[in-house]
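Quick notes on the structure that follows.
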Amino acid sequence: MTPVTPFSTALRERSSNAHSGSEHAGFMSDLMKGEGTREDYIALVAQHWFMYDAIERAADVMRNDPVAAPFISDKLTRIPALEADLEFLIGPDWRERIAPLPSTQRYVDRINEVGSTWAGGFVAHHYTRYLGDLSGGQFIGKLMARQFGFETNGIGFYVFDDIADPRAFKDVYREQLDAAPWDADEQERVIDEVLRAYQFNTDVFVDLAAAKASGRIAEIA
């Protein structure tokens, strides 16, 4: 009998190209190579605020959902850190000075559409964002700190003080994916939504690059 591939493994394998493509989008690649500016980084943080505001509002709705609830942990919450970062980077009036890019707004609209009504859709977006934060995000935070002379202020988004062992946390998360009561059709829907989430993320990087090229990057942060 052919062994059944765990869902978490199938999900990782099926989304690996999309994940890699998003990570290596021009804007993010330049930032990680030291070719981005502090202004570029601030614009990225601003777009993150809109994404995480949507997903964490959805999490508040889904806390009592039997399928979604196991994935929700206050240890992952990013909005307080993002808001502290934005106040440090921009100032106390940061809310009046940031705006979502069109691609960010489409991303937020999709999270709003499925995040509080469909457990699989919520988990797809939750997985795409937070497991990435616990993996490559840790490296990105250290890189930004070196490039721009930050200590903790400015990169709090990337710091998970309440998670002592990110690898163990991710292992448990993947076990929860494998235990989710989804049949084959629902698993396909979740994978499709993860791919969609990665495409949204790539589109945001494309929009950020276009804003930078046109000299409009300061308009969104």
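Just so we're on the same page: first chain in the structure tokens is A, next is B, and so on; residues restart at 1 for each chain, and ligands are numbered from 1 in the order they show up.
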
What are the closest atom pairs, with distances in Å to one decimal, for all residues of range 103-154 of chain A lying within 8 Å of range 41-57 of chain A? Consider only C-alpha atoms, order rows by chain and residue number, and present the result as JSON lines.
```
{"residue": "A:Thr104", "atom": "CA", "partner": "A:Gln47", "partner_atom": "CA", "distance": 6.6}
{"residue": "A:Gln105", "atom": "CA", "partner": "A:Phe50", "partner_atom": "CA", "distance": 8.0}
{"residue": "A:Tyr107", "atom": "CA", "partner": "A:Met51", "partner_atom": "CA", "distance": 7.1}
{"residue": "A:Val108", "atom": "CA", "partner": "A:Met51", "partner_atom": "CA", "distance": 5.7}
{"residue": "A:Ile111", "atom": "CA", "partner": "A:Ala54", "partner_atom": "CA", "distance": 6.4}
{"residue": "A:Asn112", "atom": "CA", "partner": "A:Ala54", "partner_atom": "CA", "distance": 6.4}
{"residue": "A:Gly115", "atom": "CA", "partner": "A:Ile55", "partner_atom": "CA", "distance": 6.9}
{"residue": "A:Phe122", "atom": "CA", "partner": "A:Ile55", "partner_atom": "CA", "distance": 7.8}
{"residue": "A:His125", "atom": "CA", "partner": "A:Ile55", "partner_atom": "CA", "distance": 7.6}
{"residue": "A:His126", "atom": "CA", "partner": "A:Ile55", "partner_atom": "CA", "distance": 7.1}
```

Nearby residues (only C-alpha atoms) at most 9 Å from Phe148 in chain A, same-chain spacing under 3 positions excluded, as an mmCIF file with N, CA and C atoms, in the first residue's frame:
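In the end it all went to out-v3.cif:
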```
data_model
loop_
_atom_site.group_PDB
_atom_site.id
_atom_site.type_symbol
_atom_site.label_atom_id
_atom_site.label_comp_id
_atom_site.auth_asym_id
_atom_site.auth_seq_id
_atom_site.Cartn_x
_atom_site.Cartn_y
_atom_site.Cartn_z
ATOM 1 N N THR A 37 16.244 51.085 1.030
ATOM 2 C CA THR A 37 16.423 52.206 1.950
ATOM 3 C C THR A 37 15.559 52.019 3.198
ATOM 4 N N ARG A 38 15.820 52.842 4.181
ATOM 5 C CA ARG A 38 14.993 52.827 5.391
ATOM 6 C C ARG A 38 13.538 53.126 5.024
ATOM 7 N N LEU A 143 18.630 40.992 9.753
ATOM 8 C CA LEU A 143 19.240 41.693 8.624
ATOM 9 C C LEU A 143 18.864 43.173 8.637
ATOM 10 N N MET A 144 17.579 43.465 8.869
ATOM 11 C CA MET A 144 17.133 44.863 8.914
ATOM 12 C C MET A 144 17.781 45.607 10.086
ATOM 13 N N ALA A 145 17.950 44.906 11.206
ATOM 14 C CA ALA A 145 18.592 45.531 12.363
ATOM 15 C C ALA A 145 20.014 45.959 12.019
#
```

- Item | Which residue of A:Met32, A:Ile217, A:Leu134, A:Ile155 approaches Phe88 in chain A most closely, using only C-alpha atoms |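 Closest candidate: A:Ile155.
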
- Task: Would you please give, as a ChimeraX atom specification, all residues of range 35-88 of chain A that DSSP assigns to helix (DSSP H, G or I) based on the backbone?
- Result: /A:38-62,69-71,74-76,79-88

- Item | Selected residue, from A:Leu82, A:Ala184, A:Ile90, A:Ala168, that lies nearest to Gly156 in chain A when counting only C-alpha atoms | A:Leu82

Contact residues around Phe205 in chain A with only C-alpha atoms at 7 Å, ignoring same-chain residues under 2 positions, as a PDB file with all heavy atoms, in the first residue's frame:
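Saved file around17.pdb follows:
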```pdb
ATOM      1  N   ALA A  25      10.945  38.079  -4.852  1.00  0.00           N
ATOM      2  CA  ALA A  25      10.431  39.210  -5.620  1.00  0.00           C
ATOM      3  C   ALA A  25      11.407  40.369  -5.495  1.00  0.00           C
ATOM      4  O   ALA A  25      12.052  40.552  -4.460  1.00  0.00           O
ATOM      5  CB  ALA A  25       9.050  39.600  -5.104  1.00  0.00           C
ATOM      6  N   PHE A  27      11.561  43.660  -4.992  1.00  0.00           N
ATOM      7  CA  PHE A  27      11.607  44.611  -3.882  1.00  0.00           C
ATOM      8  C   PHE A  27      12.204  43.971  -2.637  1.00  0.00           C
ATOM      9  O   PHE A  27      13.099  44.531  -2.003  1.00  0.00           O
ATOM     10  CB  PHE A  27      10.199  45.132  -3.585  1.00  0.00           C
ATOM     11  CG  PHE A  27      10.149  46.091  -2.435  1.00  0.00           C
ATOM     12  CD1 PHE A  27      10.346  47.442  -2.650  1.00  0.00           C
ATOM     13  CD2 PHE A  27       9.905  45.654  -1.133  1.00  0.00           C
ATOM     14  CE1 PHE A  27      10.303  48.354  -1.583  1.00  0.00           C
ATOM     15  CE2 PHE A  27       9.871  46.536  -0.072  1.00  0.00           C
ATOM     16  CZ  PHE A  27      10.071  47.888  -0.296  1.00  0.00           C
ATOM     17  N   MET A  28      11.726  42.792  -2.292  1.00  0.00           N
ATOM     18  CA  MET A  28      12.206  42.130  -1.073  1.00  0.00           C
ATOM     19  C   MET A  28      13.642  41.665  -1.243  1.00  0.00           C
ATOM     20  O   MET A  28      14.451  41.746  -0.311  1.00  0.00           O
ATOM     21  CB  MET A  28      11.298  40.940  -0.745  1.00  0.00           C
ATOM     22  CG  MET A  28      11.408  40.479   0.687  1.00  0.00           C
ATOM     23  SD  MET A  28      10.879  41.789   1.832  1.00  0.00           S
ATOM     24  CE  MET A  28      11.619  41.197   3.341  1.00  0.00           C
ATOM     25  N   ASN A 201       0.900  38.178  -1.749  1.00  0.00           N
ATOM     26  CA  ASN A 201       2.129  38.687  -1.150  1.00  0.00           C
ATOM     27  C   ASN A 201       3.117  39.146  -2.220  1.00  0.00           C
ATOM     28  O   ASN A 201       3.737  40.210  -2.095  1.00  0.00           O
ATOM     29  CB  ASN A 201       2.751  37.595  -0.277  1.00  0.00           C
ATOM     30  CG  ASN A 201       3.706  38.139   0.754  1.00  0.00           C
ATOM     31  OD1 ASN A 201       3.367  39.039   1.503  1.00  0.00           O
ATOM     32  ND2 ASN A 201       4.910  37.595   0.796  1.00  0.00           N
ATOM     33  N   THR A 202       3.246  38.344  -3.277  1.00  0.00           N
ATOM     34  CA  THR A 202       4.118  38.732  -4.387  1.00  0.00           C
ATOM     35  C   THR A 202       3.632  40.016  -5.037  1.00  0.00           C
ATOM     36  O   THR A 202       4.431  40.905  -5.371  1.00  0.00           O
ATOM     37  CB  THR A 202       4.189  37.601  -5.431  1.00  0.00           C
ATOM     38  OG1 THR A 202       4.678  36.412  -4.805  1.00  0.00           O
ATOM     39  CG2 THR A 202       5.111  37.969  -6.584  1.00  0.00           C
ATOM     40  N   ASP A 203       2.321  40.127  -5.219  1.00  0.00           N
ATOM     41  CA  ASP A 203       1.756  41.331  -5.832  1.00  0.00           C
ATOM     42  C   ASP A 203       2.060  42.574  -5.003  1.00  0.00           C
ATOM     43  O   ASP A 203       2.300  43.660  -5.562  1.00  0.00           O
ATOM     44  CB  ASP A 203       0.235  41.178  -5.983  1.00  0.00           C
ATOM     45  CG  ASP A 203      -0.161  40.124  -7.008  1.00  0.00           C
ATOM     46  OD1 ASP A 203       0.706  39.690  -7.783  1.00  0.00           O
ATOM     47  OD2 ASP A 203      -1.345  39.738  -7.015  1.00  0.00           O
ATOM     48  N   ASP A 207       3.984  45.911  -6.295  1.00  0.00           N
ATOM     49  CA  ASP A 207       3.464  47.268  -6.106  1.00  0.00           C
ATOM     50  C   ASP A 207       4.449  48.151  -5.349  1.00  0.00           C
ATOM     51  O   ASP A 207       4.601  49.336  -5.647  1.00  0.00           O
ATOM     52  CB  ASP A 207       2.138  47.218  -5.346  1.00  0.00           C
ATOM     53  CG  ASP A 207       0.926  47.228  -6.263  1.00  0.00           C
ATOM     54  OD1 ASP A 207       1.112  47.079  -7.484  1.00  0.00           O
ATOM     55  OD2 ASP A 207      -0.209  47.359  -5.747  1.00  0.00           O
ATOM     56  N   LEU A 208       5.109  47.583  -4.344  1.00  0.00           N
ATOM     57  CA  LEU A 208       6.113  48.352  -3.608  1.00  0.00           C
ATOM     58  C   LEU A 208       7.265  48.760  -4.527  1.00  0.00           C
ATOM     59  O   LEU A 208       7.751  49.890  -4.460  1.00  0.00           O
ATOM     60  CB  LEU A 208       6.643  47.526  -2.431  1.00  0.00           C
ATOM     61  CG  LEU A 208       5.749  47.458  -1.192  1.00  0.00           C
ATOM     62  CD1 LEU A 208       6.207  46.341  -0.255  1.00  0.00           C
ATOM     63  CD2 LEU A 208       5.731  48.793  -0.445  1.00  0.00           C
ATOM     64  N   ALA A 209       7.693  47.834  -5.377  1.00  0.00           N
ATOM     65  CA  ALA A 209       8.778  48.146  -6.321  1.00  0.00           C
ATOM     66  C   ALA A 209       8.355  49.256  -7.280  1.00  0.00           C
ATOM     67  O   ALA A 209       9.143  50.157  -7.597  1.00  0.00           O
ATOM     68  CB  ALA A 209       9.170  46.883  -7.097  1.00  0.00           C
TER      69      ALA A 209
END
```

- Message: Just checking: using only C-alpha atoms, which residue out of A:Asp30, A:Arg167, A:Pro66, A:Glu83 ends up closest to Asn153 in chain A?
- Response: A:Glu83

- Considering only C-alpha atoms, state which residue in the set A:Arg97, A:Gly120, A:Phe200, A:Gly137 is at the smallest distance from Asp183 in chain A. A:Gly120

- Message: Just want the 10 Å neighbourhood of Ala179 in chain A, counted on only C-alpha atoms, with same-chain residues fewer than 3 positions away dropped. Output as a PyMOL selection string.
- Response: chain A and resi 6-8+67+173-176+182

Print the selection's residues with C-alpha atoms to a file, as a tab-separated table (two decimals), in the first residue's frame.
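Contents of out_15.tsv, as written:
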```
chain	number	residue	atom	x	y	z
A	6	PRO	CA	0.69	13.98	5.52
A	7	PHE	CA	-1.29	17.06	4.59
A	8	SER	CA	1.33	19.42	6.02
A	67	VAL	CA	-11.40	23.63	13.22
A	173	TYR	CA	1.39	23.58	13.97
A	174	ARG	CA	2.06	21.03	11.22
A	175	GLU	CA	0.66	18.27	13.43
A	176	GLN	CA	-2.49	20.36	13.75
A	182	TRP	CA	-10.59	17.95	5.98
```

- Query: Of the residues A:Gln147, A:Ser103, A:Thr9, A:Thr77, which is the one nearest to Glu35 in chain A, using only C-alpha atoms?
  - Reply: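 Once distances to Glu35 in chain A are computed over only C-alpha atoms, the minimum belongs to A:Gln147.
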
- Message: Quick one: residues within 12 Å of Gly132 in chain A, only C-alpha atoms, excluding same-chain residues fewer than 6 positions away - as an MDAnalysis selection string?
- Response: chainID A and resid 12 16 19:20 22:23 76 125:126 138:140 158 166:167 170 198 201
